[in-house]
$ cat data_4.cif   # mmCIF, C-alpha atoms and all ligand atoms
data_upload
loop_
_atom_site.label_atom_id
_atom_site.label_comp_id
_atom_site.auth_asym_id
_atom_site.auth_seq_id
_atom_site.Cartn_x
_atom_site.Cartn_y
_atom_site.Cartn_z
CA MET A 51 -15.38 -9.22 14.89
CA TYR A 52 -14.19 -12.45 16.54
CA ARG A 53 -14.32 -14.38 13.29
CA GLU A 54 -12.05 -11.88 11.49
CA ASN A 55 -9.71 -11.59 14.45
CA VAL A 56 -9.24 -15.26 15.21
CA GLN A 57 -8.09 -16.08 11.70
CA PRO A 58 -4.69 -14.33 11.84
CA VAL A 59 -4.24 -15.49 15.46
CA GLU A 60 -4.83 -19.07 14.38
CA GLU A 61 -2.39 -18.63 11.48
CA ASN A 62 0.26 -17.25 13.83
CA ILE A 63 -0.26 -20.15 16.23
CA ARG A 64 0.14 -22.66 13.41
CA ALA A 65 3.27 -20.94 12.13
CA ALA A 66 4.78 -20.97 15.62
CA VAL A 67 4.04 -24.64 16.31
CA ASN A 68 5.45 -25.54 12.89
CA ALA A 69 8.59 -23.50 13.52
CA ALA A 70 9.07 -25.33 16.81
CA GLY A 71 8.29 -28.78 15.41
CA ARG A 72 5.26 -29.01 17.69
CA LYS A 73 1.64 -29.95 17.01
CA ARG A 74 -1.33 -27.59 16.99
CA GLU A 75 -3.14 -29.74 19.60
CA GLU A 76 -0.33 -29.09 22.07
CA VAL A 77 -1.37 -25.45 22.39
CA CYS A 78 -4.68 -24.37 23.90
CA LEU A 79 -5.91 -20.93 22.87
CA ILE A 80 -7.65 -19.23 25.79
CA ALA A 81 -9.86 -16.35 24.66
CA VAL A 82 -9.53 -13.76 27.43
CA SER A 83 -13.02 -12.28 27.67
CA LYS A 84 -12.52 -10.14 30.81
CA THR A 85 -14.50 -6.86 30.71
CA LYS A 86 -16.23 -8.06 27.52
CA PRO A 87 -19.97 -8.75 27.49
CA LEU A 88 -21.51 -12.19 27.31
CA GLU A 89 -22.35 -11.51 23.65
CA ALA A 90 -18.62 -11.51 22.84
CA VAL A 91 -18.28 -14.91 24.52
CA LEU A 92 -21.26 -16.28 22.62
CA GLU A 93 -19.93 -14.99 19.31
CA ALA A 94 -16.60 -16.72 19.91
CA TYR A 95 -18.44 -19.83 21.06
CA GLY A 96 -20.30 -19.82 17.76
CA GLU A 97 -16.94 -19.95 16.01
CA GLY A 98 -15.98 -23.04 17.98
CA GLN A 99 -14.06 -21.42 20.84
CA ARG A 100 -14.45 -23.33 24.12
CA ASP A 101 -11.70 -22.03 26.45
CA PHE A 102 -12.22 -18.59 27.97
CA GLY A 103 -10.17 -16.62 30.50
CA GLU A 104 -11.45 -14.29 33.21
CA ASN A 105 -9.60 -12.41 35.94
CA LYS A 106 -12.47 -11.49 38.28
CA ALA A 107 -14.22 -14.19 40.29
CA GLN A 108 -17.76 -12.88 40.07
CA GLU A 109 -17.46 -11.83 36.45
CA MET A 110 -16.45 -15.40 35.63
CA THR A 111 -19.29 -17.04 37.57
CA ALA A 112 -21.86 -14.56 36.22
CA LYS A 113 -20.88 -15.36 32.63
CA LYS A 114 -20.63 -19.06 33.36
CA GLU A 115 -24.20 -19.16 34.62
CA LEU A 116 -25.54 -17.73 31.35
CA ALA A 117 -23.16 -19.32 28.84
CA PRO A 118 -23.21 -22.83 27.34
CA ALA A 119 -22.20 -25.50 29.82
CA ASP A 120 -19.38 -26.97 27.73
CA ILE A 121 -17.25 -23.82 28.01
CA ARG A 122 -14.05 -24.27 30.02
CA TRP A 123 -13.47 -21.23 32.23
CA HIS A 124 -9.87 -20.41 33.15
CA PHE A 125 -9.23 -18.17 36.12
CA ILE A 126 -6.20 -16.04 35.27
CA GLY A 127 -6.44 -13.12 37.71
CA ASN A 128 -5.08 -12.24 41.07
CA LEU A 129 -7.26 -14.35 43.41
CA GLN A 130 -8.19 -13.02 46.82
CA LYS A 131 -8.81 -15.54 49.56
CA ASN A 132 -12.40 -14.40 50.12
CA LYS A 133 -13.16 -15.02 46.41
CA VAL A 134 -11.84 -18.58 46.33
CA LYS A 135 -15.33 -19.96 47.00
CA TYR A 136 -16.56 -18.55 43.68
CA VAL A 137 -13.73 -19.99 41.66
CA VAL A 138 -13.09 -23.50 43.02
CA GLY A 139 -15.14 -26.02 41.09
CA ASN A 140 -16.11 -23.38 38.51
CA ALA A 141 -12.72 -22.83 36.90
CA CYS A 142 -11.27 -25.74 34.95
CA LEU A 143 -7.85 -24.36 35.87
CA ILE A 144 -6.70 -21.64 38.28
CA HIS A 145 -3.59 -20.16 36.64
CA SER A 146 -2.58 -17.81 39.41
CA VAL A 147 -1.68 -19.60 42.65
CA SER A 148 1.09 -17.56 44.20
CA SER A 149 1.07 -18.23 47.95
CA LEU A 150 0.71 -21.12 50.34
CA GLU A 151 -2.16 -19.30 52.08
CA LEU A 152 -4.08 -19.16 48.81
CA ALA A 153 -3.28 -22.81 48.04
CA ALA A 154 -4.48 -23.82 51.50
CA GLU A 155 -7.73 -21.91 51.06
CA ILE A 156 -8.31 -23.58 47.68
CA GLU A 157 -7.71 -26.92 49.42
CA ARG A 158 -10.22 -26.06 52.13
CA ILE A 159 -12.98 -25.02 49.71
CA ALA A 160 -12.28 -27.93 47.34
CA GLU A 161 -12.66 -30.32 50.27
CA LYS A 162 -15.94 -28.66 51.19
CA LYS A 163 -17.23 -28.89 47.61
CA ASN A 164 -15.77 -32.37 47.19
CA VAL A 165 -13.85 -31.49 44.01
CA ILE A 166 -10.28 -31.74 42.80
CA GLN A 167 -9.06 -28.33 41.61
CA PRO A 168 -6.43 -28.15 38.82
CA VAL A 169 -4.00 -25.26 39.38
CA LEU A 170 -0.83 -23.61 38.10
CA VAL A 171 1.79 -21.79 40.16
CA GLU A 172 2.35 -18.25 38.98
CA VAL A 173 5.97 -17.20 38.55
CA ASN A 174 7.18 -13.61 38.45
CA ILE A 175 9.70 -14.51 35.78
CA ALA A 176 10.93 -10.99 35.06
CA GLU A 177 11.17 -10.31 38.81
CA GLU A 178 9.16 -7.14 38.44
CA ALA A 179 8.33 -5.58 41.78
CA THR A 180 4.86 -4.57 40.62
CA LYS A 181 3.81 -7.92 39.21
CA GLN A 182 2.11 -10.77 40.98
CA GLY A 183 3.68 -14.20 41.10
CA LEU A 184 6.58 -15.80 42.93
CA ALA A 185 10.31 -15.55 42.46
CA ARG A 186 11.86 -18.80 41.15
CA GLU A 187 13.02 -20.17 44.49
CA ASP A 188 9.70 -19.40 46.18
CA ALA A 189 7.86 -21.05 43.29
CA LEU A 190 9.87 -24.25 43.83
CA GLU A 191 8.95 -24.18 47.53
CA LEU A 192 5.27 -23.72 46.72
CA VAL A 193 5.34 -26.62 44.25
CA LYS A 194 6.67 -28.86 47.02
CA ALA A 195 4.03 -27.60 49.45
CA ILE A 196 1.19 -28.17 46.98
CA ALA A 197 2.32 -31.80 46.72
CA GLY A 198 0.94 -32.10 50.26
CA LEU A 199 -2.50 -30.74 49.38
CA PRO A 200 -4.55 -33.66 48.00
CA ARG A 201 -7.41 -31.53 46.64
CA LEU A 202 -5.09 -29.53 44.38
CA LYS A 203 -3.92 -31.00 41.10
CA LEU A 204 -0.85 -29.05 40.06
CA MET A 205 -0.41 -29.06 36.28
CA GLY A 206 2.43 -26.58 35.70
CA LEU A 207 3.44 -22.94 35.76
CA MET A 208 2.07 -19.62 34.58
CA ALA A 209 3.77 -16.28 33.92
CA ILE A 210 2.87 -12.82 32.73
CA ALA A 211 5.80 -11.46 30.73
CA PRO A 212 6.45 -7.71 30.76
CA PRO A 213 4.93 -5.49 28.08
CA VAL A 214 7.53 -5.04 25.33
CA GLU A 215 7.84 -3.45 21.92
CA GLU A 216 9.23 -6.60 20.35
CA ALA A 217 7.98 -10.05 21.36
CA GLU A 218 11.56 -11.34 20.96
CA GLU A 219 12.51 -9.41 24.08
CA ASN A 220 10.44 -11.86 26.12
CA ARG A 221 11.94 -15.02 24.60
CA ARG A 222 14.47 -15.40 27.41
CA TYR A 223 11.69 -15.30 30.01
CA PHE A 224 9.64 -17.93 28.21
CA ARG A 225 12.76 -20.08 27.90
CA GLU A 226 13.45 -19.67 31.61
CA MET A 227 9.90 -20.83 32.34
CA ARG A 228 10.43 -24.00 30.33
CA GLN A 229 13.72 -24.61 32.10
CA LEU A 230 12.07 -24.07 35.48
CA LEU A 231 9.41 -26.64 34.62
CA GLN A 232 12.12 -29.09 33.53
CA GLU A 233 14.03 -28.48 36.74
CA ILE A 234 10.93 -29.22 38.85
CA ASN A 235 10.42 -32.46 36.95
CA ARG A 236 14.08 -33.48 37.01
CA GLU A 237 14.26 -32.97 40.76
CA GLY A 238 10.92 -34.66 41.34
CA LEU A 239 9.49 -31.78 43.40
CA TYR A 240 5.97 -32.89 42.52
CA PRO A 241 4.89 -36.56 42.49
CA VAL A 242 3.85 -36.50 38.82
CA PRO A 243 5.57 -34.62 35.98
CA LEU A 244 4.23 -31.12 35.33
CA THR A 245 3.29 -30.58 31.69
CA GLU A 246 1.62 -27.17 31.37
CA LEU A 247 3.10 -23.73 30.67
CA SER A 248 0.61 -20.85 30.56
CA MET A 249 2.44 -17.96 28.89
CA GLY A 250 2.07 -15.62 25.96
CA MET A 251 -0.49 -12.82 25.42
CA SER A 252 -1.56 -10.76 22.42
CA GLY A 253 1.84 -9.10 22.08
CA ASP A 254 4.09 -12.14 22.33
CA TYR A 255 2.25 -15.46 21.98
CA PRO A 256 4.12 -16.75 18.89
CA VAL A 257 7.43 -16.52 20.75
CA ALA A 258 5.89 -18.14 23.84
CA ILE A 259 4.68 -21.06 21.69
CA GLU A 260 8.12 -21.48 20.14
CA GLU A 261 9.48 -21.76 23.68
CA GLY A 262 6.95 -24.33 24.84
CA ALA A 263 3.70 -22.63 25.89
CA THR A 264 0.79 -25.06 26.21
CA PHE A 265 -1.74 -22.32 27.03
CA VAL A 266 -1.72 -18.87 25.43
CA ARG A 267 -4.03 -16.25 26.93
CA ILE A 268 -5.19 -13.84 24.26
CA GLY A 269 -7.60 -10.97 24.79
CA THR A 270 -6.97 -7.83 22.74
CA ALA A 271 -6.02 -9.64 19.52
CA LEU A 272 -9.35 -11.51 19.60
CA PHE A 273 -11.82 -9.06 21.12
CA GLY A 274 -10.20 -5.68 20.54
CA ALA A 275 -9.06 -3.19 23.16
CA ARG A 276 -10.67 -3.29 26.59
CA ASN A 277 -12.55 -0.37 28.09
CA TYR A 278 -12.04 -0.34 31.84
CA ASN A 279 -14.37 2.63 32.28
CA ILE A 280 -17.41 0.44 31.84
CA PRO A 281 -18.13 -0.88 35.32
CA VAL A 282 -18.13 -4.66 35.61
CA ASN A 283 -19.83 -6.24 38.62
CA GLU A 284 -17.21 -7.51 41.02
C1 LIG A 301 -5.78 -9.55 30.33
C2 LIG A 301 -4.87 -10.73 30.46
C3 LIG A 301 -4.42 -11.41 29.32
C4 LIG A 301 -4.74 -11.00 27.90
O1 LIG A 301 -3.99 -9.88 27.55
P1 LIG A 301 -4.00 -9.32 26.03
O2 LIG A 301 -2.75 -8.52 25.97
O3 LIG A 301 -5.22 -8.51 25.90
O4 LIG A 301 -3.96 -10.48 25.13
C5 LIG A 301 -3.62 -12.52 29.51
N1 LIG A 301 -3.26 -12.94 30.74
C6 LIG A 301 -3.68 -12.31 31.86
C7 LIG A 301 -3.27 -12.83 33.18
C8 LIG A 301 -4.49 -11.19 31.75
O5 LIG A 301 -4.90 -10.56 32.87
#
$ encode --input "data_4.cif" --output "structure tokens" --more "lines below"
Ligand SMILES: *Cc1c(COP(=O)(O)O)cnc(C)c1O
Amino acid sequence: MYRENVQPVEENIRAAVNAAGRKREEVCLIAVSKTKPLEAVLEAYGEGQRDFGENKAQEMTAKKELAPADIRWHFIGNLQKNKVKYVVGNACLIHSVSSLELAAEIERIAEKKNVIQPVLVEVNIAEEATKQGLAREDALELVKAIAGLPRLKLMGLMAIAPPVEEAEENRRYFREMRQLLQEINREGLYPVPLTELSMGMSGDYPVAIEEGATFVRIGTALFGARNYNIPVNE
């Protein structure tokens, strides 16, 4: 299934980078394997896929233990403070830092494990009350605060755009994300320039790439629909 599914996704990615005058290597495809069994990960791995996304701490570490060691695991879910210990040092990138308390806990655990943890700040770009992530101004404040946490390596921003019928409807949000990243860099809110934008899912990734995404997080288009009725160990 993965082999058939990844082909059109890869074609769409290439079309989008070409349309934007970008290079394929500038965009990392994260295969979002949450709720899917290890076999799905291994099948994708066999096709050359190395970046996988999970949104539950213990599901990620359980798969990581059994999967090939050269897989890069991205943590993309809402991270509770008591789960930070599972994720720090195991995720190549935590996409979803959305409070100073969480950042401080990541700092504490990273210190304990003697690692540097790459992170993104999650922005609630559509300002949806129900969605995680920070409003623009709060995101800027958190970026400044993270500059004071030596164990965190801030790379950029992440957003989950709203579900829409037409991907085009989300273009303005993706554009706002790029502008926010530029603003952070222009104003020097972080000591080194931020380069990463994690945005775009199955329904809208070509538009996200045209607007500057460096990570797209794709689940359904690669692995098919998810069944949340199958219990997954948390
Ligand atoms: C599940 C999930 C995705 C993938 O969504 P699809 O629509 O299945 O591609 C991407 N990002 C986050 C944060 C997710 O939780």
$ closest_atom_pairs --input "data_4.cif" --of "chain A" --to "ligand LIG 301 (chain A)" --cutoff "10 Å" --atoms "all atoms listed in the file" --output "Markdown table"
| residue | atom | partner | partner_atom | distance |
| --- | --- | --- | --- | --- |
| A:Ile80 | CA | A:LIG301 | C5 | 8.7 |
| A:Ala81 | CA | A:LIG301 | C4 | 8.1 |
| A:Val82 | CA | A:LIG301 | C4 | 5.5 |
| A:Ser83 | CA | A:LIG301 | C1 | 8.2 |
| A:Lys84 | CA | A:LIG301 | C1 | 6.8 |
| A:Thr85 | CA | A:LIG301 | C1 | 9.1 |
| A:Gly103 | CA | A:LIG301 | C5 | 7.8 |
| A:Glu104 | CA | A:LIG301 | O5 | 7.5 |
| A:Asn105 | CA | A:LIG301 | O5 | 5.9 |
| A:Lys106 | CA | A:LIG301 | O5 | 9.4 |
| A:Phe125 | CA | A:LIG301 | C7 | 8.5 |
| A:Ile126 | CA | A:LIG301 | C7 | 4.8 |
| A:Gly127 | CA | A:LIG301 | C7 | 5.5 |
| A:Asn128 | CA | A:LIG301 | C7 | 8.1 |
| A:His145 | CA | A:LIG301 | C7 | 8.1 |
| A:Ser146 | CA | A:LIG301 | C7 | 8.0 |
| A:Glu172 | CA | A:LIG301 | C7 | 9.7 |
| A:Gln182 | CA | A:LIG301 | C7 | 9.7 |
| A:Met208 | CA | A:LIG301 | C7 | 8.8 |
| A:Ala209 | CA | A:LIG301 | C7 | 7.9 |
| A:Ile210 | CA | A:LIG301 | C7 | 6.2 |
| A:Ala211 | CA | A:LIG301 | N1 | 9.2 |
| A:Pro213 | CA | A:LIG301 | O2 | 8.5 |
| A:Ser248 | CA | A:LIG301 | N1 | 8.8 |
| A:Met249 | CA | A:LIG301 | N1 | 7.8 |
| A:Gly250 | CA | A:LIG301 | C5 | 7.4 |
| A:Met251 | CA | A:LIG301 | O4 | 4.2 |
| A:Ser252 | CA | A:LIG301 | O4 | 3.6 |
| A:Gly253 | CA | A:LIG301 | O2 | 6.0 |
| A:Asp254 | CA | A:LIG301 | O2 | 8.6 |
| A:Tyr255 | CA | A:LIG301 | O4 | 8.6 |
| A:Val266 | CA | A:LIG301 | C5 | 7.8 |
| A:Arg267 | CA | A:LIG301 | C5 | 4.6 |
| A:Ile268 | CA | A:LIG301 | O4 | 3.7 |
| A:Gly269 | CA | A:LIG301 | O3 | 3.6 |
| A:Thr270 | CA | A:LIG301 | O3 | 3.7 |
| A:Ala271 | CA | A:LIG301 | O4 | 6.0 |
| A:Leu272 | CA | A:LIG301 | O4 | 7.8 |
| A:Phe273 | CA | A:LIG301 | O3 | 8.2 |
| A:Gly274 | CA | A:LIG301 | O3 | 7.8 |
| A:Ala275 | CA | A:LIG301 | O3 | 7.1 |
| A:Arg276 | CA | A:LIG301 | O3 | 7.6 |
$ residues_around --input "data_4.cif" --residues "A:Glu76" --least-positions-apart "4" --cutoff "12 Å" --atoms "all atoms listed in the file" --output "ChimeraX atom specification"
/A:63-64,66-68,70-72,245-248,259-260,262-266
$ write_last_selection --input "data_4.cif" --atoms "C-alpha atoms" --output "short mmCIF file (atom, residue, chain, number, x, y, z; two decimals), in the frame of the given file"
data_model
loop_
_atom_site.label_atom_id
_atom_site.label_comp_id
_atom_site.auth_asym_id
_atom_site.auth_seq_id
_atom_site.Cartn_x
_atom_site.Cartn_y
_atom_site.Cartn_z
CA ILE A 63 -0.26 -20.15 16.23
CA ARG A 64 0.14 -22.66 13.41
CA ALA A 66 4.78 -20.97 15.62
CA VAL A 67 4.04 -24.64 16.31
CA ASN A 68 5.45 -25.54 12.89
CA ALA A 70 9.07 -25.33 16.81
CA GLY A 71 8.29 -28.78 15.41
CA ARG A 72 5.26 -29.01 17.69
CA THR A 245 3.29 -30.58 31.69
CA GLU A 246 1.62 -27.17 31.37
CA LEU A 247 3.10 -23.73 30.67
CA SER A 248 0.61 -20.85 30.56
CA ILE A 259 4.68 -21.06 21.69
CA GLU A 260 8.12 -21.48 20.14
CA GLY A 262 6.95 -24.33 24.84
CA ALA A 263 3.70 -22.63 25.89
CA THR A 264 0.79 -25.06 26.21
CA PHE A 265 -1.74 -22.32 27.03
CA VAL A 266 -1.72 -18.87 25.43
#
$ residues_around --input "data_4.cif" --residues "stretch 189-200 of chain A" --least-positions-apart "2" --cutoff "7 Å" --atoms "only C-alpha atoms" --output "list in words"
Leu150, Glu157, Val171, Val173, Leu184, Ala185, Arg186, Glu187, Leu202, Leu239, Tyr240 and Pro241 of chain A
$ atom_distance --input "data_4.cif" --atom1 "atom CA of A:Glu261" --atom2 "atom CA of A:Pro168"
22.9 Å
$ atom_distance --input "data_4.cif" --atom1 "atom CA of A:Phe224" --atom2 "atom CA of A:Leu79"
16.7 Å
$ atom_distance --input "data_4.cif" --atom1 "atom CA of A:Tyr95" --atom2 "atom CA of A:Tyr136"
22.7 Å
$ axis_aligned_box --input "data_4.cif" --around "stretch 162-173 of chain A" --padding-each-side "6 Å" --output "JSON"
{"center_x": -5.6, "center_y": -24.8, "center_z": 44.6, "size_x": 35.2, "size_y": 27.2, "size_z": 25.1}
$ closest_residue --input "data_4.cif" --among "A:Ala94, A:Pro87, A:Asn140, A:Cys78" --to "A:Met51" --atoms "only C-alpha atoms"
A:Ala94
$ residues_near_point --input "data_4.cif" --point "(-12.1, -18.9, 52.0)" --cutoff "12 Å" --atoms "all atoms listed in the file" --output "PDB file with C-alpha atoms, in the frame of the given file"
ATOM      1  CA  LEU A 129      -7.260 -14.350  43.410  1.00  0.00           C
ATOM      2  CA  GLN A 130      -8.190 -13.020  46.820  1.00  0.00           C
ATOM      3  CA  LYS A 131      -8.810 -15.540  49.560  1.00  0.00           C
ATOM      4  CA  ASN A 132     -12.400 -14.400  50.120  1.00  0.00           C
ATOM      5  CA  LYS A 133     -13.160 -15.020  46.410  1.00  0.00           C
ATOM      6  CA  VAL A 134     -11.840 -18.580  46.330  1.00  0.00           C
ATOM      7  CA  LYS A 135     -15.330 -19.960  47.000  1.00  0.00           C
ATOM      8  CA  TYR A 136     -16.560 -18.550  43.680  1.00  0.00           C
ATOM      9  CA  VAL A 137     -13.730 -19.990  41.660  1.00  0.00           C
ATOM     10  CA  VAL A 138     -13.090 -23.500  43.020  1.00  0.00           C
ATOM     11  CA  GLU A 151      -2.160 -19.300  52.080  1.00  0.00           C
ATOM     12  CA  LEU A 152      -4.080 -19.160  48.810  1.00  0.00           C
ATOM     13  CA  ALA A 153      -3.280 -22.810  48.040  1.00  0.00           C
ATOM     14  CA  ALA A 154      -4.480 -23.820  51.500  1.00  0.00           C
ATOM     15  CA  GLU A 155      -7.730 -21.910  51.060  1.00  0.00           C
ATOM     16  CA  ILE A 156      -8.310 -23.580  47.680  1.00  0.00           C
ATOM     17  CA  GLU A 157      -7.710 -26.920  49.420  1.00  0.00           C
ATOM     18  CA  ARG A 158     -10.220 -26.060  52.130  1.00  0.00           C
ATOM     19  CA  ILE A 159     -12.980 -25.020  49.710  1.00  0.00           C
ATOM     20  CA  ALA A 160     -12.280 -27.930  47.340  1.00  0.00           C
ATOM     21  CA  GLU A 161     -12.660 -30.320  50.270  1.00  0.00           C
ATOM     22  CA  LYS A 162     -15.940 -28.660  51.190  1.00  0.00           C
TER      23      LYS A 162
END
$ decode --input "data_4.cif" --residues "stretch 97-110 of chain A" --atoms "N, CA, C and O atoms" --output "short mmCIF file (atom, residue, chain, number, x, y, z; two decimals), in the first residue's frame"
data_model
loop_
_atom_site.label_atom_id
_atom_site.label_comp_id
_atom_site.auth_asym_id
_atom_site.auth_seq_id
_atom_site.Cartn_x
_atom_site.Cartn_y
_atom_site.Cartn_z
N GLU A 97 10.78 1.14 1.53
CA GLU A 97 10.71 1.99 0.33
C GLU A 97 11.64 3.20 0.46
O GLU A 97 11.58 4.12 -0.35
N GLY A 98 12.42 3.23 1.51
CA GLY A 98 13.40 4.31 1.65
C GLY A 98 12.99 5.42 2.60
O GLY A 98 13.75 6.37 2.81
N GLN A 99 11.80 5.32 3.19
CA GLN A 99 11.33 6.39 4.08
C GLN A 99 12.10 6.33 5.41
O GLN A 99 12.24 5.25 6.00
N ARG A 100 12.57 7.48 5.89
CA ARG A 100 13.35 7.49 7.14
C ARG A 100 12.77 8.42 8.20
O ARG A 100 13.14 8.32 9.37
N ASP A 101 11.90 9.34 7.83
CA ASP A 101 11.32 10.28 8.81
C ASP A 101 9.88 9.88 9.09
O ASP A 101 9.06 9.79 8.17
N PHE A 102 9.58 9.64 10.37
CA PHE A 102 8.24 9.22 10.77
C PHE A 102 7.73 10.14 11.87
O PHE A 102 8.51 10.64 12.69
N GLY A 103 6.41 10.34 11.90
CA GLY A 103 5.79 11.22 12.88
C GLY A 103 4.84 10.46 13.78
O GLY A 103 4.05 9.64 13.31
N GLU A 104 4.94 10.73 15.08
CA GLU A 104 4.04 10.12 16.06
C GLU A 104 3.52 11.21 16.99
O GLU A 104 4.21 12.20 17.25
N ASN A 105 2.31 11.00 17.53
CA ASN A 105 1.74 12.02 18.41
C ASN A 105 1.50 11.52 19.84
O ASN A 105 0.93 12.25 20.65
N LYS A 106 1.92 10.29 20.13
CA LYS A 106 1.81 9.77 21.49
C LYS A 106 3.20 9.31 21.93
O LYS A 106 3.86 8.55 21.20
N ALA A 107 3.59 9.74 23.13
CA ALA A 107 4.96 9.51 23.58
C ALA A 107 5.31 8.02 23.62
O ALA A 107 6.32 7.58 23.06
N GLN A 108 4.44 7.23 24.27
CA GLN A 108 4.80 5.82 24.42
C GLN A 108 4.65 5.02 23.14
O GLN A 108 5.34 4.03 22.93
N GLU A 109 3.74 5.46 22.28
CA GLU A 109 3.62 4.79 20.98
C GLU A 109 4.91 5.01 20.18
O GLU A 109 5.41 4.10 19.51
N MET A 110 5.45 6.23 20.26
CA MET A 110 6.69 6.52 19.55
C MET A 110 7.85 5.69 20.09
O MET A 110 8.58 5.06 19.31
#
